[in-house]
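For reference, final33.txt (compact mmCIF, C-alpha atoms and all ligand atoms):
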```
# COMPACT_ATOMS: atom_id res chain seq x y z
CA MET R 1 -16.18 30.26 18.80
CA ALA R 2 -15.41 31.31 15.24
CA TYR R 3 -12.28 29.85 13.69
CA ASN R 4 -9.31 32.23 13.42
CA TYR R 5 -8.64 32.10 9.65
CA SER R 6 -6.92 35.47 9.61
CA LYS R 7 -3.78 33.96 11.16
CA TYR R 8 -3.19 32.23 7.80
CA LEU R 9 -4.35 35.00 5.47
CA ARG R 10 -2.82 38.17 4.09
CA ASN R 11 -5.71 40.18 5.39
CA GLU R 12 -4.52 43.33 3.65
CA LYS R 13 -5.15 41.56 0.29
CA LEU R 14 -8.83 41.01 1.12
CA PRO R 15 -11.59 41.21 0.02
CA HIS R 16 -10.81 38.59 -2.61
CA ILE R 17 -11.74 39.07 -6.25
CA TRP R 18 -13.54 35.76 -6.84
CA CYS R 19 -17.13 36.02 -8.12
CA PRO R 20 -20.07 35.65 -5.73
CA GLY R 21 -20.86 31.93 -5.52
CA CYS R 22 -17.37 30.77 -6.55
CA THR R 23 -16.40 27.91 -4.25
CA TYR R 24 -12.66 28.61 -4.15
CA GLY R 25 -13.05 30.49 -0.85
CA ILE R 26 -14.86 27.52 0.71
CA ALA R 27 -12.04 25.16 -0.32
CA LEU R 28 -9.44 27.63 0.97
CA LYS R 29 -11.05 27.52 4.40
CA SER R 30 -10.87 23.70 4.44
CA MET R 31 -7.21 23.86 3.46
CA ILE R 32 -6.43 26.34 6.23
CA ARG R 33 -8.20 24.19 8.82
CA ALA R 34 -6.20 21.16 7.65
CA ILE R 35 -2.88 22.99 7.86
CA ASP R 36 -3.76 24.41 11.27
CA GLY R 37 -4.69 20.91 12.45
CA LEU R 38 -1.23 19.66 11.50
CA GLY R 39 0.37 22.41 13.57
CA TRP R 40 2.92 23.19 10.87
CA GLU R 41 4.95 26.41 11.02
CA LYS R 42 3.87 28.85 8.33
CA ASP R 43 7.50 29.49 7.36
CA ASP R 44 8.05 25.80 6.56
CA ILE R 45 5.31 25.82 3.91
CA VAL R 46 5.69 26.91 0.27
CA VAL R 47 2.64 27.27 -1.98
CA THR R 48 2.99 27.73 -5.74
CA SER R 49 0.40 28.49 -8.39
CA GLY R 50 0.21 29.13 -12.13
CA ILE R 51 -2.37 31.45 -13.68
CA GLY R 52 -6.16 31.22 -13.41
CA CYS R 53 -8.82 32.24 -10.90
CA VAL R 54 -7.67 29.67 -8.33
CA SER R 55 -4.09 30.74 -8.87
CA ARG R 56 -5.03 33.89 -6.94
CA MET R 57 -5.14 31.71 -3.83
CA PRO R 58 -1.46 32.02 -2.79
CA GLY R 59 -1.92 35.78 -2.95
CA TYR R 60 -4.29 35.44 0.00
CA MET R 61 -2.38 32.71 1.89
CA ASP R 62 0.21 33.94 4.37
CA PHE R 63 2.91 31.34 3.66
CA ASN R 64 5.94 31.46 1.39
CA THR R 65 4.20 31.76 -1.96
CA LEU R 66 5.07 31.85 -5.65
CA HIS R 67 2.60 33.01 -8.29
CA THR R 68 4.20 31.75 -11.50
CA THR R 69 3.28 31.43 -15.18
CA HIS R 70 0.35 29.46 -16.59
CA GLY R 71 0.86 25.71 -16.11
CA ARG R 72 4.16 26.04 -14.28
CA SER R 73 3.04 25.63 -10.67
CA ILE R 74 4.51 22.11 -10.44
CA ALA R 75 7.75 23.05 -12.22
CA PHE R 76 8.47 25.81 -9.69
CA ALA R 77 7.39 23.60 -6.78
CA THR R 78 9.78 20.86 -7.96
CA GLY R 79 12.66 23.35 -7.99
CA VAL R 80 11.80 24.52 -4.48
CA LYS R 81 11.65 20.96 -3.14
CA LEU R 82 14.94 19.93 -4.73
CA ALA R 83 16.65 23.06 -3.42
CA ASN R 84 15.37 22.54 0.13
CA PRO R 85 13.81 19.12 0.80
CA GLU R 86 12.93 20.18 4.36
CA LEU R 87 10.17 22.47 3.06
CA LYS R 88 6.57 21.32 2.82
CA VAL R 89 5.62 22.09 -0.74
CA ILE R 90 2.13 22.56 -2.14
CA ALA R 91 1.43 23.16 -5.85
CA LEU R 92 -2.05 24.27 -6.78
CA GLY R 93 -3.92 25.12 -9.94
CA GLY R 94 -7.08 24.78 -11.95
CA ASP R 95 -8.02 21.91 -14.23
CA GLY R 96 -6.79 23.93 -17.23
CA ASP R 97 -3.54 24.89 -15.56
CA MET R 98 -2.80 21.36 -14.39
CA THR R 99 -4.09 19.16 -17.20
CA ALA R 100 -3.80 21.32 -20.34
CA ILE R 101 -0.81 23.68 -20.54
CA GLY R 102 0.72 22.10 -17.41
CA GLY R 103 -0.29 18.54 -18.25
CA ASN R 104 3.23 17.42 -18.99
CA HIS R 105 4.49 18.65 -15.62
CA PHE R 106 1.54 16.94 -13.94
CA ILE R 107 2.17 13.46 -15.33
CA HIS R 108 5.93 13.64 -14.76
CA VAL R 109 5.72 14.79 -11.15
CA CYS R 110 3.43 11.80 -10.56
CA ARG R 111 5.93 9.50 -12.27
CA ARG R 112 8.82 10.83 -10.17
CA ASN R 113 6.88 10.56 -6.92
CA ILE R 114 8.43 13.74 -5.55
CA ASP R 115 7.36 14.54 -2.00
CA MET R 116 4.82 17.32 -2.47
CA THR R 117 1.07 17.81 -2.67
CA VAL R 118 -0.76 18.89 -5.80
CA PHE R 119 -4.25 20.34 -5.45
CA VAL R 120 -6.25 20.44 -8.67
CA PHE R 121 -9.33 22.65 -8.37
CA ASN R 122 -11.60 21.17 -11.00
CA ASN R 123 -14.40 23.52 -12.07
CA ASN R 124 -14.57 21.89 -15.54
CA ILE R 125 -13.77 25.15 -17.35
CA TYR R 126 -11.26 27.94 -17.88
CA GLY R 127 -12.84 30.35 -15.41
CA MET R 128 -10.48 33.29 -15.64
CA THR R 129 -10.45 33.70 -19.40
CA GLY R 130 -14.18 33.39 -20.07
CA ALA R 131 -15.38 29.77 -19.98
CA GLN R 132 -13.38 28.09 -22.73
CA TYR R 133 -13.45 24.28 -22.44
CA SER R 134 -10.65 22.46 -20.62
CA PRO R 135 -9.55 18.80 -20.71
CA THR R 136 -12.04 18.07 -17.90
CA THR R 137 -15.12 19.64 -19.50
CA PRO R 138 -17.55 16.72 -19.76
CA ARG R 139 -18.60 15.59 -23.25
CA GLY R 140 -21.76 17.41 -24.30
CA SER R 141 -21.32 20.33 -21.86
CA TRP R 142 -21.39 23.87 -23.16
CA ALA R 143 -18.41 26.21 -23.19
CA ALA R 144 -17.49 29.44 -24.97
CA THR R 145 -15.39 27.32 -27.35
CA ALA R 146 -18.00 24.53 -27.54
CA PRO R 147 -21.17 26.32 -28.72
CA TYR R 148 -22.61 23.01 -29.97
CA GLY R 149 -21.52 21.01 -26.91
CA MET R 150 -18.09 19.63 -26.04
CA PRO R 151 -17.30 16.95 -28.64
CA GLU R 152 -14.26 15.43 -26.86
CA SER R 153 -13.92 12.94 -24.01
CA ASN R 154 -12.68 14.39 -20.74
CA PHE R 155 -9.83 13.40 -18.45
CA ASP R 156 -10.57 11.82 -15.09
CA ILE R 157 -7.89 13.65 -13.09
CA THR R 158 -7.63 10.95 -10.44
CA GLU R 159 -7.23 8.17 -13.02
CA LEU R 160 -4.63 10.26 -14.85
CA ALA R 161 -2.70 10.72 -11.59
CA ILE R 162 -2.88 7.04 -10.63
CA GLY R 163 -1.87 5.94 -14.13
CA SER R 164 1.07 8.34 -14.07
CA GLY R 165 2.37 6.96 -10.77
CA ALA R 166 1.13 9.26 -7.99
CA SER R 167 1.37 7.37 -4.71
CA PHE R 168 -1.64 9.10 -3.05
CA VAL R 169 -4.72 10.19 -4.95
CA ALA R 170 -7.96 11.52 -3.50
CA ARG R 171 -11.08 13.36 -4.63
CA THR R 172 -13.30 15.67 -2.62
CA THR R 173 -15.64 18.60 -3.25
CA SER R 174 -16.11 22.15 -2.05
CA TYR R 175 -19.55 21.14 -0.75
CA HIS R 176 -18.20 18.41 1.59
CA THR R 177 -16.07 20.75 3.70
CA PRO R 178 -15.13 18.42 6.62
CA HIS R 179 -14.30 15.73 4.04
CA CYS R 180 -12.23 18.24 2.06
CA GLU R 181 -10.29 19.15 5.21
CA LYS R 182 -9.67 15.45 5.91
CA MET R 183 -8.45 14.68 2.38
CA VAL R 184 -6.14 17.73 2.38
CA LYS R 185 -4.71 16.71 5.75
CA GLU R 186 -4.07 13.10 4.70
CA ALA R 187 -2.48 14.21 1.43
CA LEU R 188 -0.17 16.66 3.17
CA GLN R 189 1.01 13.94 5.54
CA HIS R 190 1.76 11.45 2.76
CA LYS R 191 5.41 10.82 1.86
CA GLY R 192 5.62 11.03 -1.93
CA LEU R 193 3.47 12.70 -4.55
CA SER R 194 -0.08 13.28 -3.38
CA VAL R 195 -2.85 14.60 -5.59
CA VAL R 196 -6.22 15.86 -4.42
CA GLU R 197 -8.88 16.76 -6.95
CA ILE R 198 -11.20 19.33 -5.37
CA ILE R 199 -14.44 19.56 -7.35
CA SER R 200 -15.24 23.27 -7.53
CA ALA R 201 -18.04 25.44 -8.85
CA CYS R 202 -17.62 28.27 -11.35
CA PRO R 203 -21.14 29.73 -11.56
CA THR R 204 -19.97 32.58 -13.80
CA GLY R 205 -18.38 30.31 -16.42
CA PHE R 206 -19.51 26.67 -16.32
CA GLY R 207 -22.71 27.34 -14.39
CA ARG R 208 -24.06 30.04 -16.68
CA LYS R 209 -23.24 28.10 -19.83
CA ASN R 210 -24.75 24.88 -18.48
CA LYS R 211 -28.06 26.11 -17.09
CA PHE R 212 -27.21 26.01 -13.41
CA LYS R 213 -29.60 28.78 -12.40
CA THR R 214 -27.94 29.62 -9.09
CA PRO R 215 -24.54 29.03 -7.42
CA THR R 216 -26.40 26.96 -4.83
CA SER R 217 -27.61 24.55 -7.53
CA MET R 218 -23.97 23.75 -8.28
CA LEU R 219 -23.38 22.81 -4.64
CA VAL R 220 -26.54 20.68 -4.69
CA ASP R 221 -25.12 18.93 -7.78
CA MET R 222 -21.94 18.08 -5.83
CA LYS R 223 -24.04 16.83 -2.92
CA GLU R 224 -26.12 14.58 -5.17
CA ARG R 225 -23.41 13.23 -7.46
CA ALA R 226 -20.55 12.59 -5.02
CA VAL R 227 -20.54 9.12 -3.45
CA ASN R 228 -18.19 8.12 -0.64
CA ILE R 229 -15.92 5.23 -1.69
CA GLN R 230 -17.32 2.89 0.98
CA LYS R 231 -20.85 3.41 -0.32
CA ALA R 232 -19.70 3.29 -3.94
CA ALA R 233 -18.15 -0.15 -3.37
CA LYS R 234 -21.66 -1.52 -2.76
CA MET R 235 -23.23 0.17 -5.78
CA SER R 236 -23.61 -1.24 -9.29
CA ASP R 237 -22.26 0.48 -12.42
CA GLU R 238 -25.83 1.50 -13.28
CA GLU R 239 -26.31 3.07 -9.84
CA MET R 240 -23.00 4.94 -10.21
CA GLU R 241 -23.99 6.33 -13.64
CA GLY R 242 -23.53 10.13 -13.57
CA LYS R 243 -21.97 10.00 -10.11
CA TYR R 244 -18.34 10.10 -8.95
CA LYS R 245 -16.43 8.66 -6.00
CA ILE R 246 -14.96 10.83 -3.24
CA GLY R 247 -12.32 9.68 -0.76
CA VAL R 248 -8.81 8.23 -0.95
CA LEU R 249 -8.83 6.41 -4.28
CA HIS R 250 -5.23 5.18 -4.23
CA LYS R 251 -2.44 4.93 -1.68
CA GLU R 252 0.88 3.09 -1.87
CA GLU R 253 4.49 3.39 -0.70
CA ARG R 254 7.07 4.00 -3.42
CA PRO R 255 10.65 5.35 -3.40
CA GLU R 256 10.53 9.15 -3.11
CA HIS R 257 12.28 11.24 -5.75
CA VAL R 258 14.38 13.64 -3.65
CA GLU R 259 15.81 10.82 -1.54
CA THR R 260 16.54 8.71 -4.63
CA TYR R 261 18.10 11.70 -6.36
CA ASP R 262 20.31 12.48 -3.36
CA SER R 263 21.51 8.88 -3.06
CA VAL R 264 22.38 8.69 -6.78
CA VAL R 265 24.21 12.04 -6.77
CA GLY R 266 26.03 11.08 -3.55
CA PHE R 267 27.04 7.75 -5.11
CA GLN R 268 28.45 9.43 -8.20
CA LYS R 269 30.46 11.86 -6.08
CA GLY R 270 31.80 8.91 -4.09
CA VAL R 271 30.39 10.17 -0.77
C1 LIG S 1 1.02 30.92 -21.76
C2 LIG S 1 -0.39 31.34 -21.45
N1 LIG S 1 -1.40 30.87 -22.21
C3 LIG S 1 -2.66 31.24 -21.93
C4 LIG S 1 -2.93 32.10 -20.90
C5 LIG S 1 -4.35 32.52 -20.63
N2 LIG S 1 -4.94 31.88 -19.49
C6 LIG S 1 -4.91 32.46 -18.27
S1 LIG S 1 -5.69 31.56 -17.09
C7 LIG S 1 -6.10 30.37 -18.24
C8 LIG S 1 -6.93 29.15 -17.88
C9 LIG S 1 -7.41 29.12 -16.49
O1 LIG S 1 -8.21 27.98 -16.28
P1 LIG S 1 -7.98 27.01 -15.09
O2 LIG S 1 -6.56 26.64 -14.97
O3 LIG S 1 -8.95 25.87 -15.21
O4 LIG S 1 -8.28 27.90 -13.80
P2 LIG S 1 -9.58 28.68 -13.30
O5 LIG S 1 -9.48 30.07 -13.88
O6 LIG S 1 -10.77 27.93 -13.78
O7 LIG S 1 -9.43 28.69 -11.83
C10 LIG S 1 -5.60 30.67 -19.50
C11 LIG S 1 -5.80 29.86 -20.72
C12 LIG S 1 -1.85 32.56 -20.12
N3 LIG S 1 -2.03 33.37 -19.06
N4 LIG S 1 -0.59 32.18 -20.42
S1 LIG S 2 -14.88 33.10 -13.15
FE1 LIG S 2 -15.53 31.21 -12.14
S2 LIG S 2 -13.67 30.33 -11.19
FE2 LIG S 2 -13.29 32.51 -11.69
S3 LIG S 2 -13.77 33.62 -9.79
FE3 LIG S 2 -15.60 33.66 -11.10
S4 LIG S 2 -16.79 31.87 -10.42
FE4 LIG S 2 -14.70 31.58 -9.63
```
Would you put the structure from the file into structure tokens?
Ligand SMILES: Cc1ncc(C[n+]2csc(CCOP(=O)(O)OP(=O)(O)O)c2C)c(N)n1
Ligand code: SF4
Amino acid sequence: MAYNYSKYLRNEKLPHIWCPGCTYGIALKSMIRAIDGLGWEKDDIVVTSGIGCVSRMPGYMDFNTLHTTHGRSIAFATGVKLANPELKVIALGGDGDMTAIGGNHFIHVCRRNIDMTVFVFNNNIYGMTGAQYSPTTPRGSWAATAPYGMPESNFDITELAIGSGASFVARTTSYHTPHCEKMVKEALQHKGLSVVEIISACPTGFGRKNKFKTPTSMLVDMKERAVNIQKAAKMSDEEMEGKYKIGVLHKEERPEHVETYDSVVGFQKGV
């Protein structure tokens, strides 16, 4: 039987405005399946976004949602969580939103270890504004603002999150849908700051500039380059050249920000 996605969607907002071949819809389905699997009440969930193609997502998701300004998804999510720690808070955004204009919010939410989940949809480009390069555009790739090839090194979002103190960090792709659902589910259940990088395809922006002839070829690229962490552990650096790991890359227990904050404030008030 077909899965009932419409329970979690604002069906009156559909059809969506993403380009044909964009993988954001595929990732959205994995997220919905994960949330449904957890059995959470829709009213207990808050989803925030900044600006960008993926930031349209909360417009389609039938939860409490906030579509905010570019790069400010995490800032609004932090306010929501501090105001009502009972809520399950999800901040989402693109690689540009999260690691360029919102980069400061990203590293500091990791450092604080606030109990929320951040989904970074990494399509290696600014999709919405016409394929300008972002901090994750790989060196040598083409972008509207890199007509001779990207001259800079790119961030590894997962390494950035781990280095900044996130207590759960995972990577998945829009091609590996059951894996994506699993990573989303594990991240949502984690106490503390969880980050999931979801490798995504923007055929209109990155694909066209970088000679991916069809949207399907971008999915094939994900299939061929993604290596599960168990398999990657047995591979040499040469074998991993040009490939990336998917799975839970880091997990630890650390004091959570809202609880720490409450105990400090309570102490100062003498309660
Ligand atoms: C303050 C501000 N600066 C710039 C913009 C223009 N802008 C809108 S979306 C965007 C980048 C989107 O890229 P990304 O976050 O990677 O998301 P995608 O569109 O690829 O999903 C930019 C620069 C803006 N809306 N506000
Ligand atoms: S421009 Fe790219 S990211 Fe935006 S909807 Fe189109 S394919 Fe998706």
Practice prompt. Rank nothing, just name the residue among R:Gly93, R:Gly165, R:Gly52, R:Pro15 nearest to ligand LIG 2 (chain S), using all atoms listed in the file.
Written response: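 Nearest to ligand LIG 2 (chain S): R:Gly52.
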Worksheet entry | Nearest candidate to R:Glu253 (options R:Met235, R:Met150, R:Ala166, R:Met218; using all atoms listed in the file) |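 Nearest to R:Glu253: R:Ala166.
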Practice prompt. Would you mind listing the residues within 8 Å of ligand LIG 1 (chain S), counting only C-alpha atoms and all ligand atoms, as an MDAnalysis selection string?
Written response: chainID R and resid 50:55 69:71 93:98 101 121:129 131 134 202
Fill in: Separation of atom CA of R:Ile107 from atom CA of R:Phe155 in Å
12.4 Å
Worksheet entry | Which of R:Glu159, R:Asp115, R:Asp237, R:Glu186 sits closest to R:Val89 [using all atoms listed in the file] |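 Ranked by minimum distance to R:Val89, first place goes to R:Asp115.
Of the residues under consideration (R:Met57, R:Cys19, R:Leu92, R:Leu160), R:Cys19 shows the shortest atom-to-atom contact distance to ligand LIG 2 (chain S) when counting all atoms listed in the file.
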Discussion item. Considering all atoms listed in the file, can you say which of R:Pro135, R:Trp142, R:Phe63, R:Ile162 comes closest to R:Ile35?
Written reply: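 Ranking R:Pro135, R:Trp142, R:Phe63, R:Ile162 by distance to R:Ile35, first place goes to R:Phe63.
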Fill in: For R:Tyr8: contacts at 12 Å, all atoms listed in the file, fewer than 6 positions along chain excluded, given as a ChimeraX atom specification
/R:28-36,39-43,45,57-64
Worksheet item: So what do you get for atom CA of R:Ala27 versus atom CA of R:Thr173, distance-wise?
Response: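 Straight-line distance from atom CA of R:Ala27 to atom CA of R:Thr173 works out to 8.0 Å.
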Worksheet item: So which one's closest to ligand LIG 2 (chain S), R:Ile17, R:Ile114, R:Ile157, R:Leu9? Using only C-alpha atoms and all ligand atoms, please.
Response: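 Nearest candidate to ligand LIG 2 (chain S) out of R:Ile17, R:Ile114, R:Ile157, R:Leu9: R:Ile17.
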Worksheet item: What is the atom CA of R:Val227 to atom CA of R:Trp18 distance in Å?
Response: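 Separating atom CA of R:Val227 from atom CA of R:Trp18 is a distance of 27.8 Å.
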Practice prompt. May I have the residues within 12 Å of R:Ser164 as a list in words, using all atoms listed in the file and disregarding those fewer than 2 positions away in the same chain?
Written response: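 Everything that qualifies: Gly103, Asn104, His105, Phe106, Ile107, His108, Val109, Cys110, Arg111, Arg112, Asn113, Ile157, Thr158, Glu159, Leu160, Ala161, Ile162, Ala166, Ser167, Phe168, Val169, Leu193, Ser194 and Val195 of chain R.
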Would you give the centre and edge lengths, in Å to one decimal, of a box along x, y and z around the listed atoms of ligand LIG 2 (chain S), with 5 Å added to each side, as JSON?
```
{"center_x": -15.0, "center_y": 32.0, "center_z": -11.4, "size_x": 13.5, "size_y": 13.3, "size_z": 13.5}
```
